[in-house]
Amino acid sequence: MAGKGTPATALLGKKKIEHTVHTYDHDPRHESYGTEAAEVLGVDPARVFKTLVAEVDGKLTVGVVPVTGQLDLKALAAAVGGKRAKLADAAAAQRATGYVLGGISPLGQRSRLPVVVDESAQRFDTVLCSGGRRGLEIELAPADLVTLTTAIVAPIAG
């Protein structure tokens, strides 16, 4: 993958975190980036997590949930001590993270946003999340994901 690194893969290398990079050719006709990754890579979709950027009381916050579920915005707000949450505007999410939609990684974001990882991640030895572009997934231990993002772990998937 020489020359094709992302801030997420660079962070993992710098911190010497054990991980596996999975790549695939993204099909722009596929409706869901996460389910596409699970299908193409042949992994349980419950282990593939999507990164969603929301606004909690006006502050951008990241929710990391399995592709098999939805982000529970009320639960996300509660996890960070907020009251109201809504999905962030796509342009604001891309600006703050430095990544494009469908490739937003919870790792190596341009701005350090608060992160909440759904508690279901802890059921697995490893989980997959976006590596920072469409068609790039990073597999790592959930504890490493939580540590690197200084995440809160909470039940935020509905």
# chains A, B, ... in the order shown; residues from 1 in each chain; ligands from 1
call {"tool": "residues_around", "arguments": {"residues": "region 71-78 of chain A", "least_positions_apart": "2", "cutoff": "7 Å", "atoms": "only C-alpha atoms", "output": "number ranges by chain"}}
result
A: 56, 63, 65, 69, 80-86, 155-158
call {"tool": "write_last_selection", "arguments": {"atoms": "all heavy atoms", "output": "mmCIF file, in the first residue's frame"}}
result
data_model
loop_
_atom_site.group_PDB
_atom_site.id
_atom_site.type_symbol
_atom_site.label_atom_id
_atom_site.label_comp_id
_atom_site.auth_asym_id
_atom_site.auth_seq_id
_atom_site.Cartn_x
_atom_site.Cartn_y
_atom_site.Cartn_z
ATOM 1 N N VAL A 56 -24.253 17.300 18.725
ATOM 2 C CA VAL A 56 -24.889 17.180 20.040
ATOM 3 C C VAL A 56 -24.820 18.551 20.697
ATOM 4 O O VAL A 56 -23.735 19.060 20.961
ATOM 5 C CB VAL A 56 -24.191 16.116 20.919
ATOM 6 C CG1 VAL A 56 -24.839 16.067 22.298
ATOM 7 C CG2 VAL A 56 -24.235 14.745 20.262
ATOM 8 N N GLY A 63 -20.215 9.024 16.395
ATOM 9 C CA GLY A 63 -20.796 7.778 16.865
ATOM 10 C C GLY A 63 -20.289 6.645 15.990
ATOM 11 O O GLY A 63 -20.302 6.757 14.764
ATOM 12 N N VAL A 65 -20.976 2.787 15.228
ATOM 13 C CA VAL A 65 -21.986 1.745 15.451
ATOM 14 C C VAL A 65 -21.873 0.667 14.380
ATOM 15 O O VAL A 65 -21.372 0.912 13.286
ATOM 16 C CB VAL A 65 -23.421 2.336 15.443
ATOM 17 C CG1 VAL A 65 -23.618 3.324 16.585
ATOM 18 C CG2 VAL A 65 -23.751 2.985 14.115
ATOM 19 N N GLY A 69 -26.952 -1.873 12.467
ATOM 20 C CA GLY A 69 -27.877 -1.066 13.261
ATOM 21 C C GLY A 69 -27.883 0.386 12.828
ATOM 22 O O GLY A 69 -27.295 0.758 11.826
ATOM 23 N N VAL A 80 -22.657 11.594 26.018
ATOM 24 C CA VAL A 80 -21.701 12.703 26.156
ATOM 25 C C VAL A 80 -22.252 13.832 27.033
ATOM 26 O O VAL A 80 -21.694 14.922 27.070
ATOM 27 C CB VAL A 80 -21.249 13.253 24.776
ATOM 28 C CG1 VAL A 80 -20.478 12.196 24.008
ATOM 29 C CG2 VAL A 80 -22.427 13.788 23.972
ATOM 30 N N GLY A 81 -23.350 13.544 27.733
ATOM 31 C CA GLY A 81 -23.913 14.531 28.651
ATOM 32 C C GLY A 81 -24.690 15.626 27.967
ATOM 33 O O GLY A 81 -24.876 16.706 28.533
ATOM 34 N N GLY A 82 -25.170 15.359 26.756
ATOM 35 C CA GLY A 82 -25.932 16.361 26.016
ATOM 36 C C GLY A 82 -27.419 16.086 26.059
ATOM 37 O O GLY A 82 -27.863 15.098 26.638
ATOM 38 N N LYS A 83 -28.164 17.001 25.419
ATOM 39 C CA LYS A 83 -29.617 16.863 25.420
ATOM 40 C C LYS A 83 -30.169 16.539 24.041
ATOM 41 O O LYS A 83 -31.045 15.705 23.917
ATOM 42 C CB LYS A 83 -30.251 18.162 25.921
ATOM 43 C CG LYS A 83 -29.994 18.397 27.380
ATOM 44 C CD LYS A 83 -30.736 19.608 27.866
ATOM 45 C CE LYS A 83 -30.584 19.676 29.325
ATOM 46 N NZ LYS A 83 -30.409 20.625 30.133
ATOM 47 N N ARG A 84 -29.679 17.222 23.010
ATOM 48 C CA ARG A 84 -30.243 17.061 21.678
ATOM 49 C C ARG A 84 -29.158 16.685 20.693
ATOM 50 O O ARG A 84 -28.057 17.201 20.745
ATOM 51 C CB ARG A 84 -30.884 18.360 21.212
ATOM 52 C CG ARG A 84 -31.905 18.889 22.172
ATOM 53 C CD ARG A 84 -32.549 20.066 21.566
ATOM 54 N NE ARG A 84 -33.859 19.599 21.110
ATOM 55 C CZ ARG A 84 -34.876 20.379 20.884
ATOM 56 N NH1 ARG A 84 -34.736 21.656 20.980
ATOM 57 N NH2 ARG A 84 -36.023 19.888 20.525
ATOM 58 N N ALA A 85 -29.530 15.793 19.786
ATOM 59 C CA ALA A 85 -28.574 15.386 18.752
ATOM 60 C C ALA A 85 -29.284 15.246 17.418
ATOM 61 O O ALA A 85 -30.459 14.890 17.358
ATOM 62 C CB ALA A 85 -27.910 14.062 19.132
ATOM 63 N N LYS A 86 -28.543 15.551 16.369
ATOM 64 C CA LYS A 86 -29.015 15.331 14.998
ATOM 65 C C LYS A 86 -27.795 15.005 14.163
ATOM 66 O O LYS A 86 -26.655 15.369 14.533
ATOM 67 C CB LYS A 86 -29.741 16.557 14.458
ATOM 68 C CG LYS A 86 -28.841 17.770 14.289
ATOM 69 C CD LYS A 86 -29.600 18.952 13.714
ATOM 70 C CE LYS A 86 -28.642 20.118 13.493
ATOM 71 N NZ LYS A 86 -29.266 21.243 12.845
ATOM 72 N N PRO A 155 -24.165 2.151 24.973
ATOM 73 C CA PRO A 155 -25.149 1.554 24.069
ATOM 74 C C PRO A 155 -25.785 2.633 23.185
ATOM 75 O O PRO A 155 -26.762 3.275 23.577
ATOM 76 C CB PRO A 155 -26.173 0.915 25.013
ATOM 77 C CG PRO A 155 -26.096 1.741 26.261
ATOM 78 C CD PRO A 155 -24.670 2.229 26.346
ATOM 79 N N ILE A 156 -25.244 2.844 21.991
ATOM 80 C CA ILE A 156 -25.739 3.924 21.119
ATOM 81 C C ILE A 156 -26.334 3.408 19.808
ATOM 82 O O ILE A 156 -26.724 4.194 18.961
ATOM 83 C CB ILE A 156 -24.639 4.960 20.817
ATOM 84 C CG1 ILE A 156 -23.434 4.325 20.117
ATOM 85 C CG2 ILE A 156 -24.250 5.706 22.086
ATOM 86 C CD1 ILE A 156 -22.489 5.332 19.485
ATOM 87 N N ALA A 157 -26.378 2.080 19.630
ATOM 88 C CA ALA A 157 -26.962 1.517 18.414
ATOM 89 C C ALA A 157 -28.407 1.128 18.679
ATOM 90 O O ALA A 157 -28.717 0.534 19.699
ATOM 91 C CB ALA A 157 -26.173 0.314 17.939
ATOM 92 N N GLY A 158 -29.270 1.488 17.739
ATOM 93 C CA GLY A 158 -30.678 1.138 17.885
ATOM 94 C C GLY A 158 -31.090 0.090 16.901
ATOM 95 O O GLY A 158 -30.367 -0.327 16.049
#
call {"tool": "residues_around", "arguments": {"residues": "Leu140 (chain A)", "least_positions_apart": "4", "cutoff": "6 Å", "atoms": "only C-alpha atoms", "output": "compact mmCIF listing (two decimals) with N, CA and C atoms, in the first residue's frame"}}
result
# COMPACT_ATOMS: atom_id res chain seq x y z
N HIS A 19 -2.84 -4.22 13.66
CA HIS A 19 -4.05 -4.06 12.84
C HIS A 19 -3.84 -4.75 11.50
N THR A 126 -11.84 -8.60 17.30
CA THR A 126 -11.49 -7.49 16.41
C THR A 126 -12.75 -6.96 15.74
N VAL A 127 -12.70 -5.69 15.37
CA VAL A 127 -13.77 -5.05 14.61
C VAL A 127 -13.14 -4.36 13.42
call {"tool": "closest_atom_pairs", "arguments": {"of": "region 6-41 of chain A", "to": "region 95-109 of chain A", "cutoff": "8 Å", "atoms": "only C-alpha atoms", "output": "JSON lines"}}
result
{"residue": "A:Pro7", "atom": "CA", "partner": "A:Gly108", "partner_atom": "CA", "distance": 4.9}
{"residue": "A:Ala8", "atom": "CA", "partner": "A:Gly108", "partner_atom": "CA", "distance": 4.5}
{"residue": "A:Thr9", "atom": "CA", "partner": "A:Gly108", "partner_atom": "CA", "distance": 8.0}
{"residue": "A:Ala10", "atom": "CA", "partner": "A:Gly108", "partner_atom": "CA", "distance": 7.9}
{"residue": "A:Leu11", "atom": "CA", "partner": "A:Gly108", "partner_atom": "CA", "distance": 6.1}
{"residue": "A:Tyr33", "atom": "CA", "partner": "A:Gly102", "partner_atom": "CA", "distance": 5.9}
call {"tool": "closest_residue", "arguments": {"among": "A:Arg29, A:His22, A:Arg112, A:Lys15", "to": "Ala151 (chain A)", "atoms": "only C-alpha atoms"}}
result
A:Arg112
call {"tool": "select_by_dssp", "arguments": {"residues": "region 52-143 of chain A", "states": "strand (DSSP E)", "output": "list in words"}}
result
Leu52, Val53, Ala54, Glu55, Val56, Lys59, Leu60, Thr61, Val62, Gly63, Val64, Val65, Pro66, Ala85, Lys86, Leu87, Val115, Val116, Val117, Asp118, Val127, Leu128, Cys129, Ser130, Leu136, Glu137, Ile138, Glu139 and Leu140 of chain A
call {"tool": "closest_residue", "arguments": {"among": "A:Thr150, A:Ser130, A:Ser120, A:Gln94", "to": "Val21 (chain A)", "atoms": "only C-alpha atoms"}}
result
A:Ser130
